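Chemist: As input, take data_34.pdb (PDB, C-alpha atoms, pLDDT in the B column):
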```pdb
ATOM      1  CA  MET H 175      22.361  36.176 209.392  1.00 87.00           C
ATOM      2  CA  ILE H 176      21.129  36.052 212.958  1.00 88.00           C
ATOM      3  CA  THR H 177      17.712  34.547 213.626  1.00 93.00           C
ATOM      4  CA  ASP H 178      14.960  36.197 215.668  1.00 95.00           C
ATOM      5  CA  GLU H 179      15.322  33.357 218.178  1.00 94.00           C
ATOM      6  CA  LYS H 180      19.026  34.091 218.646  1.00 95.00           C
ATOM      7  CA  ARG H 181      18.284  37.825 219.004  1.00 97.00           C
ATOM      8  CA  GLN H 182      15.891  36.996 221.832  1.00 97.00           C
ATOM      9  CA  VAL H 183      18.509  34.828 223.528  1.00 97.00           C
ATOM     10  CA  LEU H 184      21.092  37.605 223.196  1.00 97.00           C
ATOM     11  CA  GLU H 185      18.692  40.150 224.693  1.00 97.00           C
ATOM     12  CA  HIS H 186      17.928  37.860 227.629  1.00 98.00           C
ATOM     13  CA  PHE H 187      21.649  37.282 228.122  1.00 98.00           C
ATOM     14  CA  ARG H 188      22.334  41.036 228.089  1.00 98.00           C
ATOM     15  CA  GLN H 189      19.610  41.640 230.675  1.00 98.00           C
ATOM     16  CA  GLY H 190      20.783  38.742 232.816  1.00 98.00           C
ATOM     17  CA  ARG H 191      24.382  39.887 232.695  1.00 97.00           C
ATOM     18  CA  ASN H 192      23.391  43.390 233.829  1.00 97.00           C
ATOM     19  CA  LEU H 193      21.455  41.954 236.766  1.00 97.00           C
ATOM     20  CA  TYR H 194      24.363  39.626 237.575  1.00 96.00           C
ATOM     21  CA  LYS H 195      26.801  42.547 237.729  1.00 95.00           C
ATOM     22  CA  GLN H 196      24.378  44.337 240.071  1.00 95.00           C
ATOM     23  CA  MET H 197      24.425  41.251 242.335  1.00 95.00           C
ATOM     24  CA  GLN H 198      20.726  40.597 241.701  1.00 96.00           C
ATOM     25  CA  PHE H 199      21.344  36.880 241.316  1.00 96.00           C
ATOM     26  CA  ALA H 200      17.782  35.598 241.780  1.00 96.00           C
ATOM     27  CA  GLU H 201      16.474  37.914 239.061  1.00 97.00           C
ATOM     28  CA  ALA H 202      19.419  37.163 236.780  1.00 98.00           C
ATOM     29  CA  PHE H 203      18.798  33.430 237.267  1.00 97.00           C
ATOM     30  CA  LYS H 204      15.234  33.861 235.964  1.00 98.00           C
ATOM     31  CA  VAL H 205      16.413  35.786 232.910  1.00 98.00           C
ATOM     32  CA  PHE H 206      19.107  33.233 232.035  1.00 98.00           C
ATOM     33  CA  ALA H 207      16.520  30.460 232.494  1.00 98.00           C
ATOM     34  CA  SER H 208      14.283  32.284 230.004  1.00 97.00           C
ATOM     35  CA  ALA H 209      17.126  32.362 227.503  1.00 97.00           C
ATOM     36  CA  LEU H 210      17.610  28.628 227.953  1.00 97.00           C
ATOM     37  CA  ARG H 211      13.917  27.957 227.343  1.00 97.00           C
ATOM     38  CA  ILE H 212      14.418  29.559 223.927  1.00 97.00           C
ATOM     39  CA  ASP H 213      17.746  27.822 223.233  1.00 96.00           C
ATOM     40  CA  PRO H 214      18.654  25.020 225.664  1.00 96.00           C
ATOM     41  CA  GLU H 215      22.101  24.785 224.047  1.00 96.00           C
ATOM     42  CA  ASP H 216      23.120  28.383 224.834  1.00 97.00           C
ATOM     43  CA  THR H 217      26.334  27.765 226.744  1.00 97.00           C
ATOM     44  CA  PRO H 218      26.914  31.322 228.058  1.00 97.00           C
ATOM     45  CA  SER H 219      23.424  31.419 229.598  1.00 97.00           C
ATOM     46  CA  ARG H 220      23.975  27.974 231.113  1.00 97.00           C
ATOM     47  CA  VAL H 221      27.285  29.086 232.673  1.00 97.00           C
ATOM     48  CA  TYR H 222      25.835  32.269 234.154  1.00 97.00           C
ATOM     49  CA  LEU H 223      22.759  30.431 235.420  1.00 97.00           C
ATOM     50  CA  ALA H 224      25.046  28.116 237.411  1.00 96.00           C
ATOM     51  CA  ARG H 225      27.028  31.088 238.722  1.00 95.00           C
ATOM     52  CA  CYS H 226      23.826  32.837 239.827  1.00 96.00           C
ATOM     53  CA  LYS H 227      22.774  29.702 241.672  1.00 95.00           C
ATOM     54  CA  HIS H 228      26.157  29.574 243.399  1.00 94.00           C
ATOM     55  CA  TYR H 229      26.136  33.244 244.392  1.00 94.00           C
ATOM     56  CA  ALA H 230      22.547  33.087 245.613  1.00 93.00           C
ATOM     57  CA  GLN H 231      23.734  30.463 248.121  1.00 93.00           C
ATOM     58  CA  ASN H 232      27.199  31.965 248.678  1.00 91.00           C
ATOM     59  CA  PRO H 233      26.977  35.744 248.212  1.00 92.00           C
ATOM     60  CA  PRO H 234      30.164  37.517 247.199  1.00 91.00           C
ATOM     61  CA  ALA H 235      31.679  40.312 249.276  1.00 89.00           C
ATOM     62  CA  PRO H 236      29.996  43.726 248.975  1.00 88.00           C
ATOM     63  CA  ASP H 237      33.025  45.038 247.054  1.00 90.00           C
ATOM     64  CA  TRP H 238      32.803  42.202 244.488  1.00 90.00           C
ATOM     65  CA  ASP H 239      34.139  43.281 241.104  1.00 86.00           C
ATOM     66  CA  GLY H 240      31.988  40.918 239.043  1.00 83.00           C
ATOM     67  CA  VAL H 241      34.794  38.484 238.291  1.00 83.00           C
ATOM     68  CA  TRP H 242      34.218  34.760 238.709  1.00 83.00           C
ATOM     69  CA  THR H 243      37.158  33.086 240.437  1.00 77.00           C
ATOM     70  CA  TYR H 244      37.584  29.352 240.028  1.00 74.00           C
ATOM     71  CA  THR H 245      38.376  27.590 243.278  1.00 73.00           C
ATOM     72  CA  THR H 246      38.792  24.048 241.868  1.00 71.00           C
ATOM     73  CA  LYS H 247      40.299  22.504 238.788  1.00 67.00           C
TER      74      LYS H 247
END
```
Give the structure from this file in C-alpha cells form.
Modeler:
Amino acid sequence: MITDEKRQVLEHFRQGRNLYKQMQFAEAFKVFASALRIDPEDTPSRVYLARCKHYAQNPPAPDWDGVWTYTTK
C-alpha cells in the first residue's frame, strides 16, 4: 500500500519532471525541492534537483531532447 506522503512525493515528481522536460529548470527545481521536504530520502527527486541546478547554470541547446548525458565517470 502506498502512503499519502508517498503519493504527494510522486505528484511533485511528476510535476517537476514535466517542467524539466519543458526546460523550465528553475520552476522544476522548486517542485523537486518540495518533494524532498516531504521525503528527504527520495533519490529520483534528489537526482533531478541536481540536474535542474546544472541546467539552470548551463542551459542545454534549444533542440535538447530531455536526455541527461554524463560527461564524467
Chemist: My list of candidates is H:Gln182, H:Met175, H:Gln231, H:Gly190. Which is closest to H:Pro218 when distances are computed with all atoms listed in the file?
Modeler: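 Once distances to H:Pro218 are computed over all atoms listed in the file, the minimum belongs to H:Gly190.
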Chemist: Restricting the calculation to only C-alpha atoms: of H:Ala230, H:Ala209, H:Ile176, H:Ala224, which residue gets closest to H:Gln189?
Modeler: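 That would be H:Ala209, the residue with the smallest distance to H:Gln189.
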Chemist: Could you please determine the separation between atom CA of H:Pro234 and atom CA of H:Val205 in Å, to one decimal place?
Modeler: 19.9 Å
Chemist: Between atom CA of H:Arg211 and atom CA of H:Asp239, what is the spacing in Å?
Modeler: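 For atom CA of H:Asp239 relative to atom CA of H:Arg211, the distance reads 28.9 Å.
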Chemist: Find, counting all atoms listed in the file, the residue in H:Asp213, H:Val221, H:Phe203, H:Thr246 that gets nearest to H:Thr177.
Modeler: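 Smallest separation from H:Thr177 among the options: H:Asp213.
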Chemist: Write out as a PDB file with C-alpha atoms, in the coordinates of the input which residues come within 12 Å of H:Val241 when counting all atoms listed in the file, dropping same-chain ones fewer than 2 positions away.
Modeler:
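The resulting file, out_2.pdb, is reproduced below:
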```pdb
ATOM      1  CA  ARG H 191      24.382  39.887 232.695  1.00 97.00           C
ATOM      2  CA  TYR H 194      24.363  39.626 237.575  1.00 96.00           C
ATOM      3  CA  LYS H 195      26.801  42.547 237.729  1.00 95.00           C
ATOM      4  CA  MET H 197      24.425  41.251 242.335  1.00 95.00           C
ATOM      5  CA  TYR H 222      25.835  32.269 234.154  1.00 97.00           C
ATOM      6  CA  ARG H 225      27.028  31.088 238.722  1.00 95.00           C
ATOM      7  CA  TYR H 229      26.136  33.244 244.392  1.00 94.00           C
ATOM      8  CA  PRO H 234      30.164  37.517 247.199  1.00 91.00           C
ATOM      9  CA  ALA H 235      31.679  40.312 249.276  1.00 89.00           C
ATOM     10  CA  ASP H 237      33.025  45.038 247.054  1.00 90.00           C
ATOM     11  CA  TRP H 238      32.803  42.202 244.488  1.00 90.00           C
ATOM     12  CA  ASP H 239      34.139  43.281 241.104  1.00 86.00           C
ATOM     13  CA  THR H 243      37.158  33.086 240.437  1.00 77.00           C
ATOM     14  CA  TYR H 244      37.584  29.352 240.028  1.00 74.00           C
TER      15      TYR H 244
END
```
Chemist: When you count only C-alpha atoms, which of these residues is closest to H:Lys180: H:Pro233, H:Asp216, H:Leu223, H:Thr245?
Modeler: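 Of H:Pro233, H:Asp216, H:Leu223, H:Thr245, the one nearest H:Lys180 is H:Asp216, counting only C-alpha atoms.
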Chemist: Which residue, H:Asn192, H:Glu179, H:His186, H:Ala202, has the smallest gap to H:Lys227 when you use all atoms listed in the file?
Modeler: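 Using all atoms listed in the file, the shortest distance to H:Lys227 belongs to H:Ala202.
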Chemist: Output, as JSON, the centre and edge lengths in Å (one decimal) of the axis-aligned box that contains all listed atoms of stretch 216-225 of chain H with 3 Å of margin on each side.
Modeler:
```
{"center_x": 25.0, "center_y": 30.0, "center_z": 231.8, "size_x": 10.5, "size_y": 10.5, "size_z": 19.9}
```
Chemist: Enter the distance from atom CA of H:Phe199 to atom CA of H:Arg181, in Å, rounded to one decimal.
Modeler: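 Pair atom CA of H:Phe199 / atom CA of H:Arg181 returns 22.5 Å.
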Chemist: Smallest atom-to-atom distance to H:Thr217: which of H:Leu193, H:Ala200, H:Pro236, H:Leu184, using only C-alpha atoms?
Modeler: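 Answer, going by the shortest atom-to-atom distance: H:Leu184.
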